[in-house]
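Structure data follow from coords-v9.pdb (PDB, C-alpha atoms and all ligand atoms):
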ATOM      1  CA  MET A1053     -11.621  29.464  -2.244  1.00  0.00           C
ATOM      2  CA  GLU A1054     -13.652  27.956   0.576  1.00  0.00           C
ATOM      3  CA  LEU A1055     -12.721  25.916   3.627  1.00  0.00           C
ATOM      4  CA  ARG A1056     -15.383  23.547   5.009  1.00  0.00           C
ATOM      5  CA  VAL A1057     -14.593  22.507   8.589  1.00  0.00           C
ATOM      6  CA  ALA A1058     -16.639  19.806  10.335  1.00  0.00           C
ATOM      7  CA  HIS A1059     -16.653  20.217  14.113  1.00  0.00           C
ATOM      8  CA  LEU A1060     -17.731  17.025  15.875  1.00  0.00           C
ATOM      9  CA  TYR A1061     -19.900  17.374  18.993  1.00  0.00           C
ATOM     10  CA  PRO A1062     -18.940  21.038  19.567  1.00  0.00           C
ATOM     11  CA  GLY A1063     -21.276  21.507  22.523  1.00  0.00           C
ATOM     12  CA  VAL A1064     -20.157  18.328  24.319  1.00  0.00           C
ATOM     13  CA  MET A1065     -16.484  17.818  23.443  1.00  0.00           C
ATOM     14  CA  ASN A1066     -15.312  21.311  24.281  1.00  0.00           C
ATOM     15  CA  LEU A1067     -13.052  21.237  27.328  1.00  0.00           C
ATOM     16  CA  TYR A1068     -10.825  24.254  27.989  1.00  0.00           C
ATOM     17  CA  GLY A1069     -12.279  26.179  25.047  1.00  0.00           C
ATOM     18  CA  ASP A1070     -11.297  23.724  22.325  1.00  0.00           C
ATOM     19  CA  ARG A1071     -13.844  25.457  20.071  1.00  0.00           C
ATOM     20  CA  GLY A1072     -11.154  28.113  19.819  1.00  0.00           C
ATOM     21  CA  ASN A1073      -9.519  25.819  17.276  1.00  0.00           C
ATOM     22  CA  ALA A1074     -12.493  26.281  14.940  1.00  0.00           C
ATOM     23  CA  LEU A1075     -12.454  30.048  15.503  1.00  0.00           C
ATOM     24  CA  ALA A1076      -8.727  30.215  14.770  1.00  0.00           C
ATOM     25  CA  LEU A1077      -9.104  28.292  11.501  1.00  0.00           C
ATOM     26  CA  ARG A1078     -11.983  30.529  10.412  1.00  0.00           C
ATOM     27  CA  THR A1079     -10.189  33.752  11.351  1.00  0.00           C
ATOM     28  CA  ARG A1080      -6.958  32.761   9.616  1.00  0.00           C
ATOM     29  CA  ALA A1081      -8.838  31.761   6.471  1.00  0.00           C
ATOM     30  CA  GLU A1082     -11.058  34.863   6.345  1.00  0.00           C
ATOM     31  CA  ARG A1083      -8.123  37.233   6.940  1.00  0.00           C
ATOM     32  CA  ARG A1084      -6.824  35.849   3.654  1.00  0.00           C
ATOM     33  CA  GLY A1085     -10.126  36.246   1.845  1.00  0.00           C
ATOM     34  CA  ILE A1086     -10.906  32.525   2.034  1.00  0.00           C
ATOM     35  CA  ALA A1087     -14.517  31.744   2.978  1.00  0.00           C
ATOM     36  CA  CYS A1088     -14.751  29.329   5.905  1.00  0.00           C
ATOM     37  CA  THR A1089     -17.805  27.395   7.016  1.00  0.00           C
ATOM     38  CA  ILE A1090     -17.822  25.631  10.386  1.00  0.00           C
ATOM     39  CA  ILE A1091     -20.263  22.702  10.235  1.00  0.00           C
ATOM     40  CA  PRO A1092     -21.348  21.410  13.662  1.00  0.00           C
ATOM     41  CA  VAL A1093     -21.920  17.652  13.732  1.00  0.00           C
ATOM     42  CA  ASN A1094     -23.976  16.611  16.738  1.00  0.00           C
ATOM     43  CA  ILE A1095     -25.184  13.179  17.824  1.00  0.00           C
ATOM     44  CA  GLY A1096     -27.455  11.769  15.107  1.00  0.00           C
ATOM     45  CA  ASP A1097     -26.636  14.447  12.519  1.00  0.00           C
ATOM     46  CA  PRO A1098     -26.039  13.278   8.943  1.00  0.00           C
ATOM     47  CA  PHE A1099     -22.374  13.794   8.069  1.00  0.00           C
ATOM     48  CA  ASP A1100     -20.163  12.781   5.137  1.00  0.00           C
ATOM     49  CA  PRO A1101     -16.447  13.193   6.009  1.00  0.00           C
ATOM     50  CA  GLY A1102     -15.755  13.024   2.258  1.00  0.00           C
ATOM     51  CA  ALA A1103     -17.657  16.286   1.756  1.00  0.00           C
ATOM     52  CA  VAL A1104     -15.547  18.482   4.058  1.00  0.00           C
ATOM     53  CA  ASP A1105     -11.999  19.788   4.003  1.00  0.00           C
ATOM     54  CA  LEU A1106     -11.012  19.512   7.674  1.00  0.00           C
ATOM     55  CA  LEU A1107     -12.281  17.695  10.748  1.00  0.00           C
ATOM     56  CA  LEU A1108     -12.113  18.825  14.395  1.00  0.00           C
ATOM     57  CA  ILE A1109     -13.015  17.137  17.683  1.00  0.00           C
ATOM     58  CA  GLY A1110     -12.229  18.567  21.118  1.00  0.00           C
ATOM     59  CA  GLY A1111     -11.724  17.165  24.576  1.00  0.00           C
ATOM     60  CA  GLY A1112     -14.232  15.904  27.105  1.00  0.00           C
ATOM     61  CA  GLN A1113     -14.586  14.381  30.527  1.00  0.00           C
ATOM     62  CA  ASP A1114     -15.062  10.626  30.777  1.00  0.00           C
ATOM     63  CA  ARG A1115     -18.871  10.952  30.986  1.00  0.00           C
ATOM     64  CA  GLU A1116     -18.973  13.140  27.884  1.00  0.00           C
ATOM     65  CA  GLN A1117     -16.789  10.660  26.023  1.00  0.00           C
ATOM     66  CA  ARG A1118     -19.162   7.851  26.992  1.00  0.00           C
ATOM     67  CA  ARG A1119     -22.076  10.002  25.760  1.00  0.00           C
ATOM     68  CA  ILE A1120     -20.751  10.568  22.219  1.00  0.00           C
ATOM     69  CA  ALA A1121     -18.846   7.279  21.735  1.00  0.00           C
ATOM     70  CA  PRO A1122     -21.734   5.208  20.269  1.00  0.00           C
ATOM     71  CA  ASP A1123     -22.449   7.898  17.655  1.00  0.00           C
ATOM     72  CA  LEU A1124     -18.744   8.360  16.863  1.00  0.00           C
ATOM     73  CA  LEU A1125     -18.296   4.600  16.527  1.00  0.00           C
ATOM     74  CA  GLN A1126     -20.873   4.520  13.731  1.00  0.00           C
ATOM     75  CA  ARG A1127     -18.958   7.240  11.928  1.00  0.00           C
ATOM     76  CA  GLY A1128     -15.616   5.445  12.386  1.00  0.00           C
ATOM     77  CA  PRO A1129     -15.270   3.636   9.027  1.00  0.00           C
ATOM     78  CA  ALA A1130     -16.142   6.762   7.006  1.00  0.00           C
ATOM     79  CA  ILE A1131     -13.737   8.912   9.060  1.00  0.00           C
ATOM     80  CA  ARG A1132     -10.900   6.381   8.702  1.00  0.00           C
ATOM     81  CA  GLU A1133     -11.517   6.186   4.957  1.00  0.00           C
ATOM     82  CA  ALA A1134     -11.482   9.990   4.659  1.00  0.00           C
ATOM     83  CA  VAL A1135      -8.263  10.267   6.715  1.00  0.00           C
ATOM     84  CA  ASP A1136      -6.649   7.647   4.482  1.00  0.00           C
ATOM     85  CA  ALA A1137      -7.762   9.761   1.515  1.00  0.00           C
ATOM     86  CA  GLY A1138      -5.828  12.689   3.024  1.00  0.00           C
ATOM     87  CA  LEU A1139      -8.462  14.510   5.097  1.00  0.00           C
ATOM     88  CA  PRO A1140      -6.745  16.814   7.596  1.00  0.00           C
ATOM     89  CA  ALA A1141      -8.046  16.362  11.138  1.00  0.00           C
ATOM     90  CA  LEU A1142      -7.298  17.630  14.628  1.00  0.00           C
ATOM     91  CA  ALA A1143      -8.439  15.480  17.571  1.00  0.00           C
ATOM     92  CA  VAL A1144      -7.755  16.914  21.023  1.00  0.00           C
ATOM     93  CA  CYS A1145      -7.444  15.002  24.308  1.00  0.00           C
ATOM     94  CA  GLY A1146     -10.741  13.127  24.897  1.00  0.00           C
ATOM     95  CA  GLY A1147     -11.447  13.269  21.182  1.00  0.00           C
ATOM     96  CA  TYR A1148      -7.880  12.086  20.497  1.00  0.00           C
ATOM     97  CA  GLN A1149      -8.318   9.162  22.876  1.00  0.00           C
ATOM     98  CA  LEU A1150     -11.472   8.060  21.021  1.00  0.00           C
ATOM     99  CA  PHE A1151      -9.607   8.303  17.696  1.00  0.00           C
ATOM    100  CA  GLY A1152      -7.554   5.397  19.077  1.00  0.00           C
ATOM    101  CA  HIS A1153      -8.831   1.842  19.603  1.00  0.00           C
ATOM    102  CA  ARG A1154     -10.264   2.272  23.091  1.00  0.00           C
ATOM    103  CA  TYR A1155     -10.160   4.316  26.275  1.00  0.00           C
ATOM    104  CA  ILE A1156     -10.297   2.420  29.561  1.00  0.00           C
ATOM    105  CA  ASP A1157     -11.644   5.171  31.769  1.00  0.00           C
ATOM    106  CA  HIS A1158     -11.248   6.121  35.429  1.00  0.00           C
ATOM    107  CA  ASP A1159     -13.563   3.393  36.709  1.00  0.00           C
ATOM    108  CA  GLY A1160     -12.314   0.709  34.326  1.00  0.00           C
ATOM    109  CA  SER A1161     -15.132   1.012  31.787  1.00  0.00           C
ATOM    110  CA  ILE A1162     -13.999   0.425  28.197  1.00  0.00           C
ATOM    111  CA  ILE A1163     -15.040   3.167  25.790  1.00  0.00           C
ATOM    112  CA  PRO A1164     -14.449   1.913  22.231  1.00  0.00           C
ATOM    113  CA  GLY A1165     -12.718   4.237  19.777  1.00  0.00           C
ATOM    114  CA  ILE A1166     -12.611   4.399  15.980  1.00  0.00           C
ATOM    115  CA  GLY A1167      -9.009   3.329  15.404  1.00  0.00           C
ATOM    116  CA  VAL A1168      -7.783   6.231  13.285  1.00  0.00           C
ATOM    117  CA  PHE A1169      -4.618   6.038  15.368  1.00  0.00           C
ATOM    118  CA  ASP A1170      -3.026   2.743  16.404  1.00  0.00           C
ATOM    119  CA  LEU A1171      -3.043   3.362  20.129  1.00  0.00           C
ATOM    120  CA  GLU A1172      -4.984   2.816  23.299  1.00  0.00           C
ATOM    121  CA  THR A1173      -5.489   4.843  26.435  1.00  0.00           C
ATOM    122  CA  ARG A1174      -5.715   3.573  30.003  1.00  0.00           C
ATOM    123  CA  HIS A1175      -6.705   5.676  33.000  1.00  0.00           C
ATOM    124  CA  PRO A1176      -4.731   4.491  36.098  1.00  0.00           C
ATOM    125  CA  GLY A1177      -7.730   5.040  38.361  1.00  0.00           C
ATOM    126  CA  PRO A1178      -9.366   7.857  40.313  1.00  0.00           C
ATOM    127  CA  ILE A1179      -6.584   8.226  42.915  1.00  0.00           C
ATOM    128  CA  ALA A1180      -3.790   8.594  40.352  1.00  0.00           C
ATOM    129  CA  ASP A1181      -2.395  12.056  39.671  1.00  0.00           C
ATOM    130  CA  ARG A1182      -3.695  13.698  36.542  1.00  0.00           C
ATOM    131  CA  CYS A1183      -1.320  15.006  33.871  1.00  0.00           C
ATOM    132  CA  ILE A1184      -1.878  18.730  34.220  1.00  0.00           C
ATOM    133  CA  GLY A1185       0.080  21.765  33.085  1.00  0.00           C
ATOM    134  CA  ASP A1186       1.618  23.763  30.277  1.00  0.00           C
ATOM    135  CA  VAL A1187       3.343  21.756  27.563  1.00  0.00           C
ATOM    136  CA  VAL A1188       6.017  22.290  24.910  1.00  0.00           C
ATOM    137  CA  VAL A1189       6.299  19.702  22.137  1.00  0.00           C
ATOM    138  CA  GLU A1190       8.829  19.547  19.289  1.00  0.00           C
ATOM    139  CA  THR A1191       6.947  18.533  16.156  1.00  0.00           C
ATOM    140  CA  PRO A1192       7.416  18.472  12.362  1.00  0.00           C
ATOM    141  CA  PHE A1193       5.457  21.776  12.403  1.00  0.00           C
ATOM    142  CA  GLY A1194       7.974  23.335  14.748  1.00  0.00           C
ATOM    143  CA  GLU A1195       7.579  23.896  18.462  1.00  0.00           C
ATOM    144  CA  VAL A1196       3.963  23.609  19.637  1.00  0.00           C
ATOM    145  CA  VAL A1197       2.684  24.822  23.017  1.00  0.00           C
ATOM    146  CA  GLY A1198      -0.515  24.175  24.930  1.00  0.00           C
ATOM    147  CA  PHE A1199      -2.121  23.013  28.136  1.00  0.00           C
ATOM    148  CA  GLU A1200      -2.883  19.442  29.176  1.00  0.00           C
ATOM    149  CA  ASN A1201      -5.254  17.977  31.744  1.00  0.00           C
ATOM    150  CA  HIS A1202      -5.876  14.259  31.365  1.00  0.00           C
ATOM    151  CA  GLY A1203      -6.043  11.210  33.572  1.00  0.00           C
ATOM    152  CA  GLY A1204      -5.686   8.731  30.736  1.00  0.00           C
ATOM    153  CA  ARG A1205      -2.259   7.535  29.644  1.00  0.00           C
ATOM    154  CA  THR A1206      -1.922   6.831  25.926  1.00  0.00           C
ATOM    155  CA  TYR A1207       0.325   4.141  24.490  1.00  0.00           C
ATOM    156  CA  LEU A1208       1.270   4.118  20.800  1.00  0.00           C
ATOM    157  CA  ALA A1209       1.519   0.761  19.040  1.00  0.00           C
ATOM    158  CA  PRO A1210       4.887   0.012  17.395  1.00  0.00           C
ATOM    159  CA  GLY A1211       4.981   1.964  14.128  1.00  0.00           C
ATOM    160  CA  GLN A1212       2.364   4.525  15.176  1.00  0.00           C
ATOM    161  CA  GLU A1213       3.940   7.934  14.554  1.00  0.00           C
ATOM    162  CA  PRO A1214       3.691  10.442  17.433  1.00  0.00           C
ATOM    163  CA  PHE A1215       2.742  14.065  16.868  1.00  0.00           C
ATOM    164  CA  GLY A1216       5.973  15.071  18.561  1.00  0.00           C
ATOM    165  CA  ALA A1217       8.472  14.772  21.377  1.00  0.00           C
ATOM    166  CA  VAL A1218       7.812  16.308  24.807  1.00  0.00           C
ATOM    167  CA  VAL A1219      10.175  19.156  25.708  1.00  0.00           C
ATOM    168  CA  ALA A1220       8.227  20.108  28.843  1.00  0.00           C
ATOM    169  CA  GLY A1221       5.120  18.494  30.296  1.00  0.00           C
ATOM    170  CA  PHE A1222       3.721  14.949  30.475  1.00  0.00           C
ATOM    171  CA  GLY A1223       2.539  14.130  26.951  1.00  0.00           C
ATOM    172  CA  ASN A1224       0.975  10.774  26.061  1.00  0.00           C
ATOM    173  CA  ASN A1225       1.813   8.900  29.235  1.00  0.00           C
ATOM    174  CA  ALA A1226       4.377  10.810  31.358  1.00  0.00           C
ATOM    175  CA  ALA A1227       6.907   8.071  30.567  1.00  0.00           C
ATOM    176  CA  ASP A1228       7.986   7.667  26.921  1.00  0.00           C
ATOM    177  CA  ARG A1229       8.235  11.397  26.063  1.00  0.00           C
ATOM    178  CA  THR A1230       5.923  11.035  23.092  1.00  0.00           C
ATOM    179  CA  GLU A1231       3.016  13.403  22.582  1.00  0.00           C
ATOM    180  CA  GLY A1232       0.001  12.771  20.406  1.00  0.00           C
ATOM    181  CA  ALA A1233      -0.156  10.798  17.174  1.00  0.00           C
ATOM    182  CA  ARG A1234      -0.230  11.350  13.391  1.00  0.00           C
ATOM    183  CA  ARG A1235      -1.737   9.467  10.467  1.00  0.00           C
ATOM    184  CA  GLY A1236      -1.547  11.189   7.122  1.00  0.00           C
ATOM    185  CA  ASN A1237      -2.883  14.722   7.653  1.00  0.00           C
ATOM    186  CA  ALA A1238      -4.650  13.722  10.873  1.00  0.00           C
ATOM    187  CA  ILE A1239      -3.162  14.899  14.166  1.00  0.00           C
ATOM    188  CA  GLY A1240      -4.095  13.732  17.645  1.00  0.00           C
ATOM    189  CA  THR A1241      -2.827  15.650  20.641  1.00  0.00           C
ATOM    190  CA  TYR A1242      -3.426  16.291  24.328  1.00  0.00           C
ATOM    191  CA  LEU A1243      -2.842  20.009  23.900  1.00  0.00           C
ATOM    192  CA  HIS A1244      -5.719  22.270  24.841  1.00  0.00           C
ATOM    193  CA  GLY A1245      -5.248  25.967  25.146  1.00  0.00           C
ATOM    194  CA  SER A1246      -6.988  26.162  22.846  1.00  0.00           C
ATOM    195  CA  LEU A1247      -4.210  24.903  20.664  1.00  0.00           C
ATOM    196  CA  LEU A1248      -4.423  26.659  17.300  1.00  0.00           C
ATOM    197  CA  PRO A1249      -4.722  30.334  18.353  1.00  0.00           C
ATOM    198  CA  LYS A1250      -1.252  30.190  19.924  1.00  0.00           C
ATOM    199  CA  ASN A1251       0.317  27.919  17.301  1.00  0.00           C
ATOM    200  CA  PRO A1252      -0.240  29.807  14.037  1.00  0.00           C
ATOM    201  CA  ALA A1253       2.185  27.682  12.002  1.00  0.00           C
ATOM    202  CA  LEU A1254       0.239  24.541  12.919  1.00  0.00           C
ATOM    203  CA  ALA A1255      -3.084  26.215  12.125  1.00  0.00           C
ATOM    204  CA  ASP A1256      -1.782  27.292   8.717  1.00  0.00           C
ATOM    205  CA  ALA A1257      -0.369  23.822   8.012  1.00  0.00           C
ATOM    206  CA  LEU A1258      -3.832  22.337   8.541  1.00  0.00           C
ATOM    207  CA  ILE A1259      -5.487  25.028   6.388  1.00  0.00           C
ATOM    208  CA  LEU A1260      -2.918  24.599   3.609  1.00  0.00           C
ATOM    209  CA  ALA A1261      -3.247  20.796   3.613  1.00  0.00           C
ATOM    210  CA  ALA A1262      -7.029  21.166   3.353  1.00  0.00           C
ATOM    211  CA  LEU A1263      -6.945  23.730   0.549  1.00  0.00           C
ATOM    212  CA  ARG A1264      -4.265  21.905  -1.474  1.00  0.00           C
ATOM    213  CA  ARG A1265      -6.231  18.666  -1.178  1.00  0.00           C
ATOM    214  CA  ARG A1266      -9.242  20.441  -2.714  1.00  0.00           C
ATOM    215  CA  TYR A1267      -7.690  23.010  -5.059  1.00  0.00           C
ATOM    216  CA  GLY A1268      -4.277  21.554  -5.905  1.00  0.00           C
ATOM    217  CA  ASP A1269      -0.660  22.001  -4.807  1.00  0.00           C
ATOM    218  CA  ARG A1270      -0.283  25.476  -6.271  1.00  0.00           C
ATOM    219  CA  VAL A1271      -2.277  26.947  -3.380  1.00  0.00           C
ATOM    220  CA  THR A1272      -0.195  29.151  -1.092  1.00  0.00           C
ATOM    221  CA  LEU A1273      -1.066  31.143   2.043  1.00  0.00           C
ATOM    222  CA  PRO A1274       0.207  34.727   2.353  1.00  0.00           C
ATOM    223  CA  PRO A1275       1.729  35.432   5.783  1.00  0.00           C
ATOM    224  CA  LEU A1276      -0.369  37.126   8.476  1.00  0.00           C
ATOM    225  CA  ASP A1277       0.629  39.604  11.178  1.00  0.00           C
ATOM    226  CA  ASP A1278       0.852  37.129  14.081  1.00  0.00           C
ATOM    227  CA  VAL A1279       2.238  39.378  16.807  1.00  0.00           C
ATOM    228  CA  ALA A1280      -0.546  38.540  19.284  1.00  0.00           C
ATOM    229  CA  ALA A1281      -0.485  34.813  18.516  1.00  0.00           C
ATOM    230  CA  LEU A1282       3.266  34.631  18.921  1.00  0.00           C
ATOM    231  CA  ARG A1283       3.095  36.597  22.169  1.00  0.00           C
ATOM    232  CA  ALA A1284       0.601  34.014  23.471  1.00  0.00           C
ATOM    233  CA  HIS A1285       2.887  31.251  22.212  1.00  0.00           C
ATOM    234  CA  GLU A1286       5.862  32.661  24.090  1.00  0.00           C
ATOM    235  CA  ALA A1287       3.860  33.085  27.299  1.00  0.00           C
ATOM    236  CA  ALA A1288       2.720  29.461  27.230  1.00  0.00           C
ATOM    237  CA  ARG A1289       6.247  28.304  26.373  1.00  0.00           C
ATOM    238  CA  ALA A1290       7.761  30.262  29.273  1.00  0.00           C
ATOM    239  CA  ALA A1291       5.172  28.864  31.690  1.00  0.00           C
ATOM    240  CA  ALA A1292       5.906  25.304  30.596  1.00  0.00           C
ATOM    241  CA  LEU A1293       9.672  25.714  30.822  1.00  0.00           C
ATOM    242  CA  ARG A1294       9.401  27.367  34.255  1.00  0.00           C
ATOM    243  CA  ARG A1295       7.389  24.415  35.500  1.00  0.00           C
ATOM    244  CA  ALA A1296       9.860  21.958  33.979  1.00  0.00           C
ATOM    245  CA  ARG A1297      12.718  23.612  35.892  1.00  0.00           C
ATOM    246  CA  ARG A1298      10.899  23.432  39.233  1.00  0.00           C
ATOM    247  CA  PRO A1299      12.055  20.455  41.337  1.00  0.00           C
ATOM    248  CA  ALA A1300       9.428  17.730  41.513  1.00  0.00           C
TER
HETATM  249  N1  LIG A1401     -11.501  12.268  30.103  1.00  0.00           N
HETATM  250  C1  LIG A1401     -10.180  12.081  29.506  1.00  0.00           C
HETATM  251  C2  LIG A1401      -9.075  11.943  30.567  1.00  0.00           C
HETATM  252  O1  LIG A1401      -9.267  12.301  31.703  1.00  0.00           O
HETATM  253  C3  LIG A1401      -9.873  13.247  28.579  1.00  0.00           C
HETATM  254  C4  LIG A1401      -9.790  14.580  29.313  1.00  0.00           C
HETATM  255  C5  LIG A1401      -9.760  15.781  28.373  1.00  0.00           C
HETATM  256  O2  LIG A1401     -10.318  15.760  27.277  1.00  0.00           O
HETATM  257  N2  LIG A1401      -9.140  16.907  28.854  1.00  0.00           N
HETATM  258  O3  LIG A1401      -7.973  11.492  30.234  1.00  0.00           O
END
Mind turning this structure into structure tokens?
Amino acid sequence: MELRVAHLYPGVMNLYGDRGNALALRTRAERRGIACTIIPVNIGDPFDPGAVDLLLIGGGQDREQRRIAPDLLQRGPAIREAVDAGLPALAVCGGYQLFGHRYIDHDGSIIPGIGVFDLETRHPGPIADRCIGDVVVETPFGEVVGFENHGGRTYLAPGQEPFGAVVAGFGNNAADRTEGARRGNAIGTYLHGSLLPKNPALADALILAALRRRYGDRVTLPPLDDVAALRAHEAARAAALRRARRPA
């Protein structure tokens, strides 16, 4: 089998090592004898979301989001159509924000998004505290850990499913205890880390969804020796819970 992963704007939307998500997917596929091709999609590159098995976009600072937004906007209808056809996707932080309807950034500029998720993000302004720290989220894929650093606060429209519920950390907006968003097999989240190397169950869920979509539901993934990944998971979890216990 083969896994074709499209990585959008890998050189620009790559805060806090989000490219580690692509490396984790490739490693976990290849350790099972599954070929994995990471396809970089840069500004202006031809790209058909219907011809890949999984889509990734990482985080970015406001100026980097402004830089890629016009190109992403053109790709919006094809990406939404592919997600509605079951394409698994992982959009992290700045990429997640632009998979919503819009991001009103730190100086009030409106950066349009592609509306995969029914949400919008509003930055409270340059003097507001950022949402920074280790995070634990309870999700349908089990407990997920990571690191967040965002100024924007994201608000889900009624009926928009979150990725999970915040156990420790800020999450979407430091108020409603939601974190991220889901639509079909597409996941949006604020969790950097990078996310997938320390959340092997989530990485495998994305790989399995991609392979079953292409090769049928009989596909299974043999377990891997995840001692190192789970050690990293526990370390991030402990850091987040320690912070949550500290008085504000
Ligand atoms: N620039 C966005 C914000 O500050 C996203 C940051 C990020 O991708 N870490 O909210």
Contact check, chain A to ligand LIG 1401 (chain A), at most 8 Å, counting only C-alpha atoms and all ligand atoms, closest pairs as JSON lines:
{"residue": "A:Met1065", "atom": "CA", "partner": "A:LIG1401", "partner_atom": "O2", "distance": 7.5}
{"residue": "A:Leu1067", "atom": "CA", "partner": "A:LIG1401", "partner_atom": "N2", "distance": 6.0}
{"residue": "A:Tyr1068", "atom": "CA", "partner": "A:LIG1401", "partner_atom": "N2", "distance": 7.6}
{"residue": "A:Gly1110", "atom": "CA", "partner": "A:LIG1401", "partner_atom": "O2", "distance": 7.0}
{"residue": "A:Gly1111", "atom": "CA", "partner": "A:LIG1401", "partner_atom": "O2", "distance": 3.4}
{"residue": "A:Gly1112", "atom": "CA", "partner": "A:LIG1401", "partner_atom": "O2", "distance": 3.9}
{"residue": "A:Gln1113", "atom": "CA", "partner": "A:LIG1401", "partner_atom": "N1", "distance": 3.8}
{"residue": "A:Asp1114", "atom": "CA", "partner": "A:LIG1401", "partner_atom": "N1", "distance": 4.0}
{"residue": "A:Arg1115", "atom": "CA", "partner": "A:LIG1401", "partner_atom": "N1", "distance": 7.5}
{"residue": "A:Glu1116", "atom": "CA", "partner": "A:LIG1401", "partner_atom": "N1", "distance": 7.8}
{"residue": "A:Gln1117", "atom": "CA", "partner": "A:LIG1401", "partner_atom": "N1", "distance": 6.9}
{"residue": "A:Val1144", "atom": "CA", "partner": "A:LIG1401", "partner_atom": "O2", "distance": 6.9}
{"residue": "A:Cys1145", "atom": "CA", "partner": "A:LIG1401", "partner_atom": "O2", "distance": 4.2}
{"residue": "A:Gly1146", "atom": "CA", "partner": "A:LIG1401", "partner_atom": "O2", "distance": 3.6}
{"residue": "A:Gly1147", "atom": "CA", "partner": "A:LIG1401", "partner_atom": "O2", "distance": 6.7}
{"residue": "A:Gln1149", "atom": "CA", "partner": "A:LIG1401", "partner_atom": "C3", "distance": 7.2}
{"residue": "A:Asp1157", "atom": "CA", "partner": "A:LIG1401", "partner_atom": "N1", "distance": 7.3}
{"residue": "A:His1158", "atom": "CA", "partner": "A:LIG1401", "partner_atom": "O1", "distance": 7.5}
{"residue": "A:His1175", "atom": "CA", "partner": "A:LIG1401", "partner_atom": "O3", "distance": 6.6}
{"residue": "A:Arg1182", "atom": "CA", "partner": "A:LIG1401", "partner_atom": "O1", "distance": 7.5}
{"residue": "A:Glu1200", "atom": "CA", "partner": "A:LIG1401", "partner_atom": "N2", "distance": 6.8}
{"residue": "A:Asn1201", "atom": "CA", "partner": "A:LIG1401", "partner_atom": "N2", "distance": 5.0}
{"residue": "A:His1202", "atom": "CA", "partner": "A:LIG1401", "partner_atom": "O3", "distance": 3.7}
{"residue": "A:Gly1203", "atom": "CA", "partner": "A:LIG1401", "partner_atom": "O3", "distance": 3.9}
{"residue": "A:Gly1204", "atom": "CA", "partner": "A:LIG1401", "partner_atom": "O3", "distance": 3.6}
{"residue": "A:Arg1205", "atom": "CA", "partner": "A:LIG1401", "partner_atom": "O3", "distance": 7.0}
{"residue": "A:Tyr1242", "atom": "CA", "partner": "A:LIG1401", "partner_atom": "N2", "distance": 7.3}
{"residue": "A:His1244", "atom": "CA", "partner": "A:LIG1401", "partner_atom": "N2", "distance": 7.5}
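Compared by their closest atoms to His1059 (chain A), and using all atoms listed in the file, the residues A:Cys1183, A:Leu1142, A:Ala1134, A:Ala1076 rank with A:Leu1142 nearest.
Compared by their closest atoms to Gly1085 (chain A), and using all atoms listed in the file, the residues A:Ala1220, A:Ala1253, A:Met1053, A:Leu1263 rank with A:Met1053 nearest.
Across A:Arg1083, A:Lys1250, A:Arg1234, A:Arg1270, the tightest approach to Glu1286 (chain A) is made by A:Lys1250 when counting all atoms listed in the file.
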For the provided coordinates, the residues matched by the PyMOL selection byres (((chain A and resi 1086-1098) around 6) and not hetatm) should be stated as a compact mmCIF listing (two decimals) with C-alpha atoms, keeping the file's coordinate frame.
# COMPACT_ATOMS: atom_id res chain seq x y z
CA MET A 1053 -11.62 29.46 -2.24
CA GLU A 1054 -13.65 27.96 0.58
CA LEU A 1055 -12.72 25.92 3.63
CA ARG A 1056 -15.38 23.55 5.01
CA VAL A 1057 -14.59 22.51 8.59
CA ALA A 1058 -16.64 19.81 10.34
CA HIS A 1059 -16.65 20.22 14.11
CA LEU A 1060 -17.73 17.02 15.88
CA TYR A 1061 -19.90 17.37 18.99
CA ARG A 1078 -11.98 30.53 10.41
CA ALA A 1081 -8.84 31.76 6.47
CA GLU A 1082 -11.06 34.86 6.34
CA ARG A 1084 -6.82 35.85 3.65
CA GLY A 1085 -10.13 36.25 1.84
CA PHE A 1099 -22.37 13.79 8.07
CA ASP A 1123 -22.45 7.90 17.66
| request: Step by step, work through what the PyMOL selection byres (((chain A and resi 1131) around 9) and not hetatm) selects in the shown file, and finish by giving those residues as a list of chain:residue names. | output: A:Asp1100, A:Pro1101, A:Gly1102, A:Arg1127, A:Gly1128, A:Pro1129, A:Ala1130, A:Arg1132, A:Glu1133, A:Ala1134, A:Val1135, A:Asp1136, A:Leu1139, A:Ile1166, A:Val1168
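Of the listed residues A:Gly1165, A:Gly1138, A:Pro1176, A:Gly1069, the one whose atoms come nearest to Leu1243 (chain A) is A:Gly1069, with distances taken using all atoms listed in the file.
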| message | Please enumerate the residues selected by the PyMOL selection byres (((chain A and resi 1292) around 8) and not hetatm) when evaluated against the supplied file, formatted as a count of residues only. | response | 14
| message | Please compute the CA of Pro1140 (chain A)-CA of Asn1237 (chain A) distance, one decimal, in Å. | response | 4.4 Å
| Separation of CA of Glu1213 (chain A) and CA of Gly1232 (chain A), in Å? | 8.6 Å
| message | Would you compute the distance between CA of Pro1252 (chain A) and CA of Leu1108 (chain A)? Give it in Å to one decimal. | response | 16.2 Å
For region 1207-1215 of chain A, I'd like the enclosing box, axis-aligned and padded by 8 Å on every side, reported as JSON with centre and edge lengths in Å to one decimal.
{"center_x": 2.7, "center_y": 7.0, "center_z": 19.3, "size_x": 20.7, "size_y": 30.1, "size_z": 26.4}
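Comparing A:Asn1224, A:Gly1063, A:Leu1208, A:Asp1159 by their smallest distance to Ile1184 (chain A), the closest is A:Asn1224 (using all atoms listed in the file).
Considering the residues A:Val1064, A:Ala1143, A:Leu1248, A:Leu1273 and counting all atoms listed in the file, Arg1235 (chain A) has its shortest atom-to-atom contact with A:Ala1143.
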| request: Might you pull out every residue within 6 Å of Ala1141 (chain A), with only C-alpha atoms counted and same-chain residues fewer than 2 positions away left off, and present them as number ranges by chain? | output: A: 1106-1108, 1238-1239
| task | Write out as a ChimeraX atom specification which residues come within 7 Å of Pro1249 (chain A) when counting all atoms listed in the file, dropping same-chain ones fewer than 2 positions away. | result | /A:1072-1073,1076,1246-1247,1251-1252,1281
